[in-house]
>>> print(open('query-v7.cif').read())   # mmCIF, C-alpha atoms
data_run
loop_
_atom_site.label_atom_id
_atom_site.label_comp_id
_atom_site.auth_asym_id
_atom_site.auth_seq_id
_atom_site.Cartn_x
_atom_site.Cartn_y
_atom_site.Cartn_z
CA MET A 1 119.08 -3.68 189.30
CA THR A 2 119.46 -5.94 186.30
CA ILE A 3 122.77 -6.79 184.71
CA THR A 4 121.86 -4.60 181.74
CA ASP A 5 121.33 -1.63 184.02
CA THR A 6 124.70 -2.17 185.64
CA THR A 7 126.39 -2.16 182.24
CA ALA A 8 124.58 0.98 181.11
CA ALA A 9 125.62 2.88 184.21
CA GLN A 10 129.19 1.60 184.21
CA ALA A 11 131.50 4.46 185.09
CA THR A 12 134.10 4.96 182.39
CA ARG A 13 136.77 7.56 182.42
CA ARG A 14 137.15 9.11 178.94
CA LEU A 15 139.81 11.51 177.71
CA ASN A 16 140.61 13.09 174.41
CA THR A 17 143.88 12.10 172.76
CA SER A 18 145.80 15.17 173.92
CA LYS A 19 144.80 14.68 177.57
CA ALA A 20 145.73 11.01 177.30
CA MET A 21 149.18 11.94 175.98
CA VAL A 22 149.65 14.53 178.72
CA GLU A 23 148.58 12.05 181.40
CA ALA A 24 151.33 9.64 180.34
CA ILE A 25 153.95 12.41 180.38
CA ALA A 26 152.84 13.60 183.83
CA GLN A 27 152.87 10.08 185.28
CA GLU A 28 156.36 9.39 183.97
CA MET A 29 157.59 12.78 185.22
CA ARG A 30 156.25 12.02 188.70
CA ALA A 31 157.94 8.62 188.68
CA ASP A 32 161.30 9.65 187.21
CA PRO A 33 163.01 13.01 187.96
CA GLU A 34 165.18 12.57 184.84
CA VAL A 35 162.19 13.11 182.53
CA PHE A 36 161.69 16.67 181.29
CA TYR A 37 159.94 18.33 178.33
CA LEU A 38 161.21 21.16 176.17
CA GLY A 39 160.13 22.94 173.03
CA GLU A 40 158.45 26.01 171.62
CA ASP A 41 155.32 27.15 173.50
CA VAL A 42 155.19 24.01 175.64
CA GLY A 43 155.08 25.98 178.92
CA ALA A 44 152.43 28.59 179.61
CA TYR A 45 150.75 27.98 176.25
CA GLY A 46 150.55 24.23 176.89
CA GLY A 47 151.62 23.23 173.39
CA ILE A 48 149.94 24.66 170.34
CA PHE A 49 148.07 21.36 169.93
CA SER A 50 147.67 20.82 173.70
CA SER A 51 150.49 18.30 173.99
CA THR A 52 151.62 19.73 177.36
CA THR A 53 148.53 21.45 178.82
CA GLY A 54 148.82 21.82 182.59
CA LEU A 55 152.32 20.37 182.90
CA LEU A 56 154.00 23.72 183.71
CA ASP A 57 151.67 24.19 186.70
CA GLU A 58 152.68 20.87 188.21
CA PHE A 59 156.35 20.61 187.27
CA GLY A 60 157.55 24.20 186.91
CA PRO A 61 159.84 25.87 184.39
CA THR A 62 162.93 23.78 185.13
CA ARG A 63 161.23 20.61 183.86
CA ILE A 64 158.78 22.11 181.35
CA ILE A 65 161.07 24.35 179.34
CA ASP A 66 160.02 26.94 176.78
CA THR A 67 162.77 27.25 174.22
CA PRO A 68 163.77 29.90 171.71
CA ILE A 69 162.90 29.21 168.08
CA SER A 70 166.06 27.25 167.44
CA GLU A 71 165.29 23.59 166.85
CA THR A 72 168.90 22.61 166.25
CA ALA A 73 169.87 24.04 169.64
CA PHE A 74 167.15 22.52 171.78
CA ILE A 75 167.05 19.12 170.06
CA GLY A 76 170.83 19.06 170.43
CA LEU A 77 170.37 19.93 174.11
CA ALA A 78 168.00 17.00 174.50
CA ILE A 79 170.42 14.62 172.79
CA GLY A 80 173.23 15.71 175.08
CA ALA A 81 171.04 15.32 178.17
CA ALA A 82 169.95 11.87 176.99
CA THR A 83 173.51 10.67 176.48
CA GLU A 84 174.18 11.74 180.09
CA GLY A 85 171.32 9.63 181.38
CA MET A 86 168.35 11.98 181.43
CA ARG A 87 165.12 11.19 179.59
CA PRO A 88 164.19 14.33 177.67
CA ILE A 89 161.14 14.83 175.54
CA ALA A 90 161.78 17.45 172.86
CA GLU A 91 158.90 18.82 170.85
CA LEU A 92 159.37 19.79 167.23
CA MET A 93 156.30 21.98 166.84
CA PHE A 94 155.51 20.75 163.31
CA ALA A 95 157.16 17.76 161.61
CA ASP A 96 157.39 20.06 158.61
CA PHE A 97 160.13 21.96 160.46
CA MET A 98 162.46 18.94 160.46
CA GLY A 99 164.39 20.59 157.67
CA VAL A 100 166.01 23.13 159.97
CA CYS A 101 167.26 20.55 162.49
CA LEU A 102 167.61 17.29 160.61
CA ASP A 103 171.33 16.99 161.26
CA GLN A 104 170.69 16.73 165.00
CA ILE A 105 167.92 14.20 164.41
CA TYR A 106 169.35 11.75 161.92
CA ASN A 107 173.12 12.26 162.24
CA HIS A 108 173.26 12.52 166.03
CA MET A 109 170.11 11.36 167.82
CA ALA A 110 169.72 8.34 165.55
CA LYS A 111 173.36 7.38 165.12
CA ILE A 112 175.17 7.90 168.46
CA HIS A 113 174.15 4.51 169.83
CA TYR A 114 175.59 2.78 166.76
CA GLU A 115 178.67 4.96 166.40
CA SER A 116 179.58 4.29 170.02
CA GLY A 117 179.40 0.55 169.51
CA GLY A 118 176.32 0.45 171.68
CA ASN A 119 178.08 2.10 174.62
CA VAL A 120 176.10 5.34 174.60
CA LYS A 121 172.32 5.30 174.72
CA VAL A 122 170.06 8.15 173.63
CA PRO A 123 166.83 7.56 175.62
CA MET A 124 164.84 10.52 174.37
CA VAL A 125 161.51 11.17 172.75
CA LEU A 126 161.03 13.59 169.87
CA THR A 127 157.36 14.60 169.77
CA THR A 128 155.96 16.34 166.73
CA ALA A 129 152.61 17.38 165.30
CA VAL A 130 151.74 16.08 161.86
CA GLY A 131 149.02 16.06 159.26
CA GLY A 132 146.62 18.26 157.38
CA GLY A 133 142.95 18.84 156.82
CA TYR A 134 142.54 22.29 158.32
CA SER A 135 144.02 24.63 155.70
CA ASP A 136 147.40 25.24 157.27
CA GLY A 137 149.30 25.19 154.00
CA ALA A 138 152.03 23.13 152.41
CA GLN A 139 154.64 23.74 155.15
CA HIS A 140 152.37 22.92 158.14
CA SER A 141 150.32 19.93 156.94
CA GLN A 142 152.70 17.10 156.10
CA THR A 143 152.98 13.81 157.96
CA LEU A 144 156.52 12.92 156.81
CA TRP A 145 156.59 9.74 158.92
CA GLY A 146 157.93 7.82 155.95
CA THR A 147 160.93 10.16 155.88
CA PHE A 148 161.70 9.62 159.58
CA ALA A 149 161.15 5.87 159.24
CA HIS A 150 163.45 5.67 156.21
CA LEU A 151 166.39 6.94 158.27
CA PRO A 152 167.63 4.12 160.51
CA GLY A 153 168.20 4.46 164.24
CA MET A 154 164.88 5.88 165.43
CA LYS A 155 161.68 4.19 166.45
CA VAL A 156 158.65 5.92 164.95
CA VAL A 157 155.29 5.67 166.71
CA VAL A 158 152.03 7.15 165.44
CA PRO A 159 149.05 6.82 167.79
CA ALA A 160 145.54 7.07 166.38
CA LEU A 161 143.34 6.58 169.45
CA PRO A 162 143.37 8.06 172.98
CA ALA A 163 144.34 4.90 174.86
CA ASP A 164 147.22 4.25 172.48
CA ALA A 165 148.36 7.87 172.79
CA LYS A 166 148.83 7.26 176.51
CA GLY A 167 150.26 3.76 176.27
CA LEU A 168 152.69 4.52 173.47
CA MET A 169 153.91 7.68 175.21
CA THR A 170 154.63 5.68 178.36
CA SER A 171 156.60 3.15 176.32
CA ALA A 172 158.39 5.86 174.33
CA ILE A 173 159.65 7.61 177.48
CA ARG A 174 160.81 4.33 179.02
CA ASP A 175 162.52 3.14 175.84
CA ASP A 176 166.32 3.37 175.78
CA SER A 177 166.26 4.16 172.04
CA PRO A 178 165.29 7.50 170.52
CA VAL A 179 161.58 7.42 169.72
CA VAL A 180 159.85 9.84 167.36
CA TYR A 181 156.26 10.25 168.58
CA MET A 182 154.11 11.75 165.82
CA PHE A 183 150.66 13.00 166.81
CA HIS A 184 148.18 14.03 164.14
CA LYS A 185 146.45 17.31 164.99
CA GLY A 186 143.18 15.78 163.80
CA VAL A 187 143.22 12.98 166.41
CA MET A 188 143.88 15.18 169.45
CA GLY A 189 140.20 15.93 170.13
CA LEU A 190 140.74 19.67 170.35
CA PRO A 191 137.60 21.81 170.61
CA TRP A 192 138.82 24.22 167.94
CA MET A 193 139.60 21.54 165.33
CA ALA A 194 137.10 19.52 163.30
CA LYS A 195 135.04 17.31 165.61
CA ASN A 196 136.11 13.72 165.50
CA PRO A 197 134.21 11.47 167.92
CA ARG A 198 136.86 8.74 167.93
CA SER A 199 139.29 11.22 169.49
CA ILE A 200 137.43 10.88 172.81
CA ASP A 201 137.38 7.45 174.37
CA VAL A 202 138.02 5.40 177.45
CA VAL A 203 141.65 5.60 178.58
CA PRO A 204 142.98 3.25 181.27
CA GLU A 205 143.82 5.01 184.51
CA GLY A 206 147.14 4.56 186.28
CA ASP A 207 150.20 2.97 184.79
CA TYR A 208 149.51 2.01 181.17
CA ALA A 209 152.01 1.02 178.49
CA VAL A 210 151.39 -0.19 174.92
CA PRO A 211 154.35 -2.09 173.45
CA ILE A 212 156.02 -0.32 170.52
CA GLY A 213 155.96 -2.39 167.33
CA LYS A 214 152.63 -4.17 167.72
CA ALA A 215 149.87 -3.32 165.26
CA ASN A 216 146.27 -3.55 166.39
CA VAL A 217 143.23 -4.96 164.58
CA VAL A 218 140.76 -2.21 165.49
CA ARG A 219 137.97 -3.81 163.48
CA GLU A 220 137.69 -7.40 162.32
CA GLY A 221 136.48 -8.19 158.83
CA THR A 222 136.70 -10.84 156.13
CA ASP A 223 136.47 -9.22 152.68
CA VAL A 224 139.26 -6.65 152.58
CA SER A 225 142.08 -5.40 154.82
CA VAL A 226 142.65 -1.69 155.28
CA VAL A 227 146.16 -1.21 156.66
CA THR A 228 146.56 2.30 157.96
CA LEU A 229 147.61 4.58 160.82
CA SER A 230 146.93 7.85 162.59
CA LEU A 231 143.89 9.93 161.55
CA SER A 232 143.25 7.58 158.63
CA VAL A 233 142.32 4.88 161.21
CA HIS A 234 139.37 7.06 162.21
CA HIS A 235 138.33 7.59 158.59
CA ALA A 236 138.77 3.89 157.73
CA LEU A 237 136.57 2.87 160.67
CA ASP A 238 133.88 5.34 159.54
CA VAL A 239 133.98 3.86 156.03
CA ALA A 240 133.96 0.29 157.36
CA GLU A 241 130.81 1.02 159.36
CA LYS A 242 129.14 2.53 156.30
CA LEU A 243 130.06 -0.37 154.02
CA GLU A 244 128.76 -2.91 156.50
CA ALA A 245 125.28 -1.85 155.37
CA ASP A 246 126.26 -2.95 151.84
CA GLY A 247 127.39 -6.32 153.11
CA ILE A 248 131.10 -5.52 152.79
CA SER A 249 133.19 -6.72 155.73
CA VAL A 250 136.25 -4.52 156.23
CA GLU A 251 139.13 -5.36 158.55
CA VAL A 252 141.08 -2.34 159.78
CA LEU A 253 144.66 -2.73 160.98
CA ASP A 254 146.14 0.21 162.90
CA LEU A 255 149.91 -0.09 162.47
CA ARG A 256 150.61 2.18 165.50
CA SER A 257 154.31 2.29 164.60
CA LEU A 258 156.36 2.43 161.42
CA VAL A 259 159.58 1.44 163.16
CA PRO A 260 159.40 -1.32 164.12
CA LEU A 261 156.84 -2.23 161.45
CA ASP A 262 154.62 -5.14 162.49
CA ARG A 263 155.03 -7.09 159.26
CA ASP A 264 153.53 -10.24 160.80
CA ALA A 265 150.27 -8.41 161.44
CA ILE A 266 150.20 -7.18 157.82
CA LEU A 267 150.75 -10.72 156.52
CA GLU A 268 148.13 -12.08 158.88
CA THR A 269 145.36 -9.73 157.81
CA VAL A 270 146.14 -10.00 154.09
CA GLY A 271 146.39 -13.78 154.48
CA LYS A 272 142.89 -13.67 155.93
CA THR A 273 141.17 -11.41 153.38
CA GLY A 274 143.40 -11.61 150.29
CA ARG A 275 142.72 -7.96 149.50
CA LEU A 276 144.78 -4.99 150.67
CA VAL A 277 144.09 -1.27 150.74
CA VAL A 278 146.85 0.81 152.30
CA VAL A 279 145.65 4.20 153.50
CA ASP A 280 148.55 6.54 154.22
CA GLU A 281 148.40 10.32 154.62
CA ASP A 282 152.06 10.56 153.64
CA TYR A 283 153.25 11.12 150.07
CA HIS A 284 152.51 8.29 147.64
CA SER A 285 155.95 7.41 146.33
CA PHE A 286 158.99 5.97 148.13
CA GLY A 287 157.18 5.56 151.44
CA LEU A 288 155.14 3.48 153.87
CA SER A 289 152.43 2.43 151.44
CA GLY A 290 154.98 0.82 149.13
CA GLU A 291 156.66 -0.81 152.12
CA VAL A 292 153.40 -2.43 153.23
CA VAL A 293 152.69 -3.81 149.75
CA THR A 294 156.27 -5.05 149.45
CA THR A 295 156.00 -6.80 152.81
CA VAL A 296 153.31 -9.04 151.32
CA ALA A 297 154.91 -9.36 147.87
CA GLU A 298 158.27 -10.46 149.28
CA HIS A 299 156.69 -12.98 151.62
CA ASP A 300 154.16 -14.56 149.28
CA PRO A 301 152.53 -12.64 146.43
CA ALA A 302 149.97 -15.43 146.17
CA LEU A 303 148.35 -14.00 149.30
CA PHE A 304 146.86 -11.34 147.02
CA THR A 305 143.61 -12.40 145.37
CA ALA A 306 143.38 -8.92 143.81
CA PRO A 307 145.97 -6.24 143.08
CA PRO A 308 146.55 -4.05 146.17
CA GLU A 309 145.43 -0.44 146.23
CA ARG A 310 147.16 2.57 147.79
CA VAL A 311 145.12 5.55 148.98
CA THR A 312 147.72 8.19 149.71
CA LEU A 313 148.70 11.81 149.24
CA PRO A 314 149.61 12.55 145.62
CA ASP A 315 153.25 13.53 145.10
CA THR A 316 152.56 17.24 145.33
CA PRO A 317 152.73 19.93 148.02
CA ILE A 318 149.50 20.07 150.05
CA PRO A 319 147.15 22.83 148.85
CA TYR A 320 145.95 25.56 151.19
CA ALA A 321 142.49 25.86 149.59
CA HIS A 322 140.12 23.72 151.64
CA SER A 323 138.46 22.06 148.65
CA LEU A 324 141.79 21.23 147.00
CA GLU A 325 143.29 20.01 150.27
CA HIS A 326 140.39 17.67 150.87
CA ALA A 327 140.71 16.44 147.29
CA VAL A 328 144.28 15.24 147.85
CA LEU A 329 143.94 13.90 151.41
CA PRO A 330 142.96 10.23 151.87
CA ARG A 331 139.50 10.93 153.21
CA HIS A 332 136.32 8.86 153.33
CA ASP A 333 135.39 9.08 149.64
CA ARG A 334 138.79 7.97 148.39
CA ILE A 335 139.07 5.20 151.00
CA GLU A 336 135.67 3.84 149.99
CA ALA A 337 136.61 3.99 146.32
CA GLY A 338 139.84 2.12 147.05
CA ILE A 339 137.97 -0.61 148.90
CA ARG A 340 135.41 -0.97 146.14
CA LYS A 341 138.18 -1.16 143.54
CA VAL A 342 140.00 -4.09 145.17
CA LEU A 343 136.69 -5.86 145.61
CA GLY A 344 136.23 -5.65 141.84
CA MET B 1 120.45 16.52 193.08
CA THR B 2 123.34 18.83 192.20
CA GLU B 3 123.34 21.15 189.23
CA VAL B 4 126.52 21.43 187.17
CA PRO B 5 126.76 25.00 185.88
CA PHE B 6 128.65 26.29 182.85
CA PRO B 7 131.67 27.83 184.63
CA VAL B 8 131.94 31.59 184.92
CA MET B 9 134.71 32.51 182.48
CA SER B 10 133.92 36.22 181.98
CA GLN B 11 133.85 38.53 184.98
CA ALA B 12 133.15 41.54 182.78
CA ASP B 13 129.95 40.19 181.24
CA PRO B 14 127.71 38.13 183.57
CA ALA B 15 125.54 37.07 180.62
CA ALA B 16 128.49 35.90 178.50
CA VAL B 17 127.75 32.91 176.29
CA GLY B 18 130.13 30.02 175.68
CA ILE B 19 130.04 26.69 173.88
CA LEU B 20 129.73 23.20 175.30
CA ALA B 21 132.68 21.82 173.32
CA THR B 22 133.05 18.22 174.47
CA TRP B 23 131.22 15.77 176.70
CA TYR B 24 133.50 13.18 178.29
CA VAL B 25 130.54 11.36 179.81
CA ARG B 26 127.26 10.07 178.42
CA ASP B 27 123.78 10.68 179.70
CA GLY B 28 122.96 8.33 182.56
CA GLU B 29 126.51 7.30 183.36
CA THR B 30 127.89 7.10 186.86
CA VAL B 31 130.53 9.71 187.58
CA GLY B 32 132.97 10.05 190.44
CA ASP B 33 133.61 13.19 192.48
CA GLY B 34 136.15 15.30 190.58
CA GLN B 35 135.94 13.25 187.37
CA LEU B 36 136.44 15.16 184.11
CA ILE B 37 133.00 15.44 182.53
CA ALA B 38 133.19 18.22 179.93
CA GLU B 39 135.25 20.83 178.17
CA VAL B 40 133.77 24.26 177.49
CA GLN B 41 134.95 27.19 175.42
CA MET B 42 134.51 30.94 175.52
CA ASP B 43 136.39 33.45 173.35
CA LYS B 44 138.83 30.70 172.24
CA VAL B 45 139.64 29.81 175.86
CA ASP B 46 139.03 26.19 176.92
CA MET B 47 138.12 25.07 180.42
CA ASP B 48 137.64 21.62 181.90
CA VAL B 49 134.50 20.89 183.93
CA THR B 50 134.70 18.26 186.65
CA ALA B 51 131.92 16.58 188.59
CA PRO B 52 131.24 18.42 191.90
CA VAL B 53 129.79 15.25 193.46
CA ALA B 54 129.50 11.55 192.63
CA GLY B 55 126.31 10.13 191.15
CA THR B 56 124.34 9.56 187.98
CA ILE B 57 124.69 12.36 185.48
CA ARG B 58 121.89 13.74 183.30
CA LEU B 59 123.08 16.00 180.49
CA SER B 60 121.02 19.07 179.62
CA ALA B 61 123.16 20.62 176.87
CA ALA B 62 124.38 19.14 173.61
CA GLU B 63 127.89 19.35 172.19
CA GLY B 64 128.22 22.53 170.14
CA GLU B 65 125.34 24.22 172.00
CA GLU B 66 125.70 27.81 173.18
CA VAL B 67 125.19 28.17 176.92
CA THR B 68 125.10 31.26 179.14
CA GLN B 69 127.73 31.02 181.85
CA GLY B 70 126.32 30.00 185.19
CA SER B 71 123.36 28.09 183.76
CA ALA B 72 123.09 24.33 184.12
CA ILE B 73 124.68 21.94 181.65
CA ALA B 74 123.85 18.81 183.68
CA VAL B 75 122.51 17.53 186.96
CA ILE B 76 124.01 14.78 189.09
CA GLU B 77 121.54 12.63 191.04
#
>>> encode(input="query-v7.cif", output="structure tokens")
Amino acid sequence: MTITDTTAAQATRRLNTSKAMVEAIAQEMRADPEVFYLGEDVGAYGGIFSSTTGLLDEFGPTRIIDTPISETAFIGLAIGAATEGMRPIAELMFADFMGVCLDQIYNHMAKIHYESGGNVKVPMVLTTAVGGGYSDGAQHSQTLWGTFAHLPGMKVVVPALPADAKGLMTSAIRDDSPVVYMFHKGVMGLPWMAKNPRSIDVVPEGDYAVPIGKANVVREGTDVSVVTLSLSVHHALDVAEKLEADGISVEVLDLRSLVPLDRDAILETVGKTGRLVVVDEDYHSFGLSGEVVTTVAEHDPALFTAPPERVTLPDTPIPYAHSLEHAVLPRHDRIEAGIRKVLG
Amino acid sequence: MTEVPFPVMSQADPAAVGILATWYVRDGETVGDGQLIAEVQMDKVDMDVTAPVAGTIRLSAAEGEEVTQGSAIAVIE
């Protein structure tokens, strides 16, 4: 057998993003009896976006807990358990529902550690499904990560790829701070959602942690930097591959977390290419995209050889109609246009 | 050589047809016994398919293809 043959037949264990996330939860639950998961339809149903599939069978209803539709109550329960030393994972079914339970999230979960002078820790994870693209309407399609990130006291992680979904979940559960773990429905690799080949990939087996706060260059390039996260990483990589045929070299930086924001990685990639396109599926104004541009402007605006471009969601509720929704989302056509614009 | 059948998901209809939703392996790859190789769907129900033996897998159905339950989706050599 030649070396080439060996490579071609190399056994690789692939998972979709949801299975990768579940694997991390299961491994941490086996290792630490203080870890438990609660939320709406996380038991027998397995999570409406397969965030907990199979966990009830292994861990039973005392550690995989179906809750009533009362987010304030069960997120409050998780906060209380966390302050007593447990490591709960509470699922807010859609980030859009934050409005009914925000007091628990930003006045309690995020502040207790500070208000107690650092004496009380809140080692919990708040998981939540985000994002649009499948006609679920204005109240079930938002990302809202900029809103969570704006409120101090919570880490905010946003995996794009299967291996990161596992590694960031491991780190989130082990972290002594509250971590908001936001998974885009479009990256989960679910058979009933739009097919997205990057949602299925090799995921390391066994113990695997990705440090929170480190961005990742998922594609190297020299002409322009696309700084992005979540499902937009997939789209940006698709566009980068297409533009390679036109001789355009696109670097893609996956931020992986908003809090902490890896500002050094942003400065490094923009320092390399001089041109920045921020692709953010959150609302345009007062959010992450402005923060990324400001990171460069405050450090050294001379890094920019062209004005930066933001490809974001317009400041409007997300339409239900498929054609209108796709018109406002930062999809391939708008990302390519943004790249071409900064290239002049 | 071991055939990997589309799992029987409908007892009521032996000729029920499902969809090969996702391949987790590629044609010609080496798989381990019990490794997740595919996800199939029937009537909005998903099911994982694992390798019954170790070996080199040859895929005989494409993603999105309709397959009658019980018929082969791959062979493992």
>>> residues_around(input="query-v7.cif", residues="Val45 of chain B", least_positions_apart="5", cutoff="10 Å", atoms="all atoms listed in the file", output="list in words")
Pro191 and Trp192 of chain A; Met9, Gly18 and Val40 of chain B
>>> interface_residues(input="query-v7.cif", of="chain A", to="chain B", cutoff="12 Å", atoms="all atoms listed in the file", output="JSON, numbers by chain")
{"A": [5, 6, 7, 8, 9, 10, 11, 12, 13, 14, 15, 16, 17, 19, 45, 46, 50, 53, 54, 189, 190, 191, 192, 193, 194, 195, 196, 197, 198, 199, 200, 201, 202, 203, 205]}
>>> atom_distance(input="query-v7.cif", atom1="atom CA of Ile212 of chain A", atom2="atom CA of Val187 of chain A")
18.9 Å
>>> resolve_selection(input="query-v7.cif", expression="the PyMOL selection byres ((chain A and resi 213-228) around 8)", output="JSON, numbers by chain")
{"A": [211, 212, 229, 230, 232, 233, 236, 237, 248, 249, 250, 251, 252, 253, 254, 255, 256, 257, 258, 259, 260, 261, 262, 265, 266, 269, 270, 272, 273, 274, 275, 276, 277, 278, 279, 280, 339, 342, 343]}
>>> write_last_selection(input="query-v7.cif", atoms="C-alpha atoms", output="mmCIF file, keeping the file's coordinate frame")
data_model
loop_
_atom_site.group_PDB
_atom_site.id
_atom_site.type_symbol
_atom_site.label_atom_id
_atom_site.label_comp_id
_atom_site.auth_asym_id
_atom_site.auth_seq_id
_atom_site.Cartn_x
_atom_site.Cartn_y
_atom_site.Cartn_z
ATOM 1 C CA PRO A 211 154.350 -2.090 173.450
ATOM 2 C CA ILE A 212 156.020 -0.320 170.520
ATOM 3 C CA LEU A 229 147.610 4.580 160.820
ATOM 4 C CA SER A 230 146.930 7.850 162.590
ATOM 5 C CA SER A 232 143.250 7.580 158.630
ATOM 6 C CA VAL A 233 142.320 4.880 161.210
ATOM 7 C CA ALA A 236 138.770 3.890 157.730
ATOM 8 C CA LEU A 237 136.570 2.870 160.670
ATOM 9 C CA ILE A 248 131.100 -5.520 152.790
ATOM 10 C CA SER A 249 133.190 -6.720 155.730
ATOM 11 C CA VAL A 250 136.250 -4.520 156.230
ATOM 12 C CA GLU A 251 139.130 -5.360 158.550
ATOM 13 C CA VAL A 252 141.080 -2.340 159.780
ATOM 14 C CA LEU A 253 144.660 -2.730 160.980
ATOM 15 C CA ASP A 254 146.140 0.210 162.900
ATOM 16 C CA LEU A 255 149.910 -0.090 162.470
ATOM 17 C CA ARG A 256 150.610 2.180 165.500
ATOM 18 C CA SER A 257 154.310 2.290 164.600
ATOM 19 C CA LEU A 258 156.360 2.430 161.420
ATOM 20 C CA VAL A 259 159.580 1.440 163.160
ATOM 21 C CA PRO A 260 159.400 -1.320 164.120
ATOM 22 C CA LEU A 261 156.840 -2.230 161.450
ATOM 23 C CA ASP A 262 154.620 -5.140 162.490
ATOM 24 C CA ALA A 265 150.270 -8.410 161.440
ATOM 25 C CA ILE A 266 150.200 -7.180 157.820
ATOM 26 C CA THR A 269 145.360 -9.730 157.810
ATOM 27 C CA VAL A 270 146.140 -10.000 154.090
ATOM 28 C CA LYS A 272 142.890 -13.670 155.930
ATOM 29 C CA THR A 273 141.170 -11.410 153.380
ATOM 30 C CA GLY A 274 143.400 -11.610 150.290
ATOM 31 C CA ARG A 275 142.720 -7.960 149.500
ATOM 32 C CA LEU A 276 144.780 -4.990 150.670
ATOM 33 C CA VAL A 277 144.090 -1.270 150.740
ATOM 34 C CA VAL A 278 146.850 0.810 152.300
ATOM 35 C CA VAL A 279 145.650 4.200 153.500
ATOM 36 C CA ASP A 280 148.550 6.540 154.220
ATOM 37 C CA ILE A 339 137.970 -0.610 148.900
ATOM 38 C CA VAL A 342 140.000 -4.090 145.170
ATOM 39 C CA LEU A 343 136.690 -5.860 145.610
#
>>> resolve_selection(input="query-v7.cif", expression="the PyMOL selection byres ((chain B and resi 51) around 6)", output="list of chain:residue names")
B:Asp33, B:Gly34, B:Gln35, B:Thr50, B:Pro52, B:Val53
>>> residues_around(input="query-v7.cif", residues="Gly70 of chain B", least_positions_apart="5", cutoff="12 Å", atoms="only C-alpha atoms", output="ChimeraX atom specification")
/B:3-11,13-18
>>> atom_distance(input="query-v7.cif", atom1="atom CA of Val328 of chain A", atom2="atom CA of Ser51 of chain A")
27.0 Å
>>> residues_around(input="query-v7.cif", residues="Met182 of chain A", least_positions_apart="3", cutoff="10 Å", atoms="only C-alpha atoms", output="MDAnalysis selection string")
chainID A and resid 91:92 94:95 126:131 143:145 156:160 165 179 185 230 257
>>> atom_distance(input="query-v7.cif", atom1="atom CA of Ala110 of chain A", atom2="atom CA of Ile48 of chain A")
26.1 Å
>>> resolve_selection(input="query-v7.cif", expression="the PyMOL selection byres ((chain A and resi 82) around 10)", output="list in words")
Glu34, Val35, Gly76, Leu77, Ala78, Ile79, Gly80, Ala81, Thr83, Glu84, Gly85, Met86, Arg87, Pro88, Ile89, Met109, Val120, Lys121, Val122, Pro123, Met124, Val125, Asp176, Ser177 and Pro178 of chain A
>>> closest_residue(input="query-v7.cif", among="A:Gly132, A:Gly338, A:Gly167, A:Gly186", to="Asp282 of chain A", atoms="only C-alpha atoms")
A:Gly132
>>> residues_near_point(input="query-v7.cif", point="(163.7, 21.7, 183.5)", cutoff="10 Å", atoms="only C-alpha atoms", output="list in words")
Pro33, Glu34, Val35, Phe36, Tyr37, Leu38, Leu56, Phe59, Gly60, Pro61, Thr62, Arg63, Ile64, Ile65, Asp66 and Pro88 of chain A
>>> decode(input="query-v7.cif", residues="segment 6-15 of chain B", atoms="N, CA and C atoms", output="mmCIF file, in the first residue's frame")
data_model
loop_
_atom_site.group_PDB
_atom_site.id
_atom_site.type_symbol
_atom_site.label_atom_id
_atom_site.label_comp_id
_atom_site.auth_asym_id
_atom_site.auth_seq_id
_atom_site.Cartn_x
_atom_site.Cartn_y
_atom_site.Cartn_z
ATOM 1 N N PHE B 6 -30.828 -0.141 4.886
ATOM 2 C CA PHE B 6 -31.634 0.960 5.434
ATOM 3 C C PHE B 6 -32.465 0.354 6.562
ATOM 4 N N PRO B 7 -32.391 0.881 7.780
ATOM 5 C CA PRO B 7 -33.066 0.226 8.908
ATOM 6 C C PRO B 7 -34.586 0.178 8.720
ATOM 7 N N VAL B 8 -35.174 -0.849 9.278
ATOM 8 C CA VAL B 8 -36.638 -0.985 9.224
ATOM 9 C C VAL B 8 -37.237 -0.027 10.246
ATOM 10 N N MET B 9 -37.939 0.983 9.761
ATOM 11 C CA MET B 9 -38.511 2.002 10.643
ATOM 12 C C MET B 9 -40.028 1.931 10.663
ATOM 13 N N SER B 10 -40.620 1.215 9.706
ATOM 14 C CA SER B 10 -42.080 1.053 9.673
ATOM 15 C C SER B 10 -42.409 -0.427 9.709
ATOM 16 N N GLN B 11 -43.078 -0.847 10.797
ATOM 17 C CA GLN B 11 -43.527 -2.240 10.880
ATOM 18 C C GLN B 11 -44.797 -2.443 10.051
ATOM 19 N N ALA B 12 -45.578 -1.374 9.934
ATOM 20 C CA ALA B 12 -46.873 -1.482 9.261
ATOM 21 C C ALA B 12 -46.709 -1.679 7.757
ATOM 22 N N ASP B 13 -45.700 -1.049 7.171
ATOM 23 C CA ASP B 13 -45.538 -1.085 5.720
ATOM 24 C C ASP B 13 -44.130 -1.581 5.382
ATOM 25 N N PRO B 14 -44.005 -2.877 5.029
ATOM 26 C CA PRO B 14 -42.673 -3.438 4.746
ATOM 27 C C PRO B 14 -41.953 -2.717 3.598
ATOM 28 N N ALA B 15 -42.718 -2.127 2.683
ATOM 29 C CA ALA B 15 -42.106 -1.471 1.523
ATOM 30 C C ALA B 15 -41.958 0.041 1.734
#
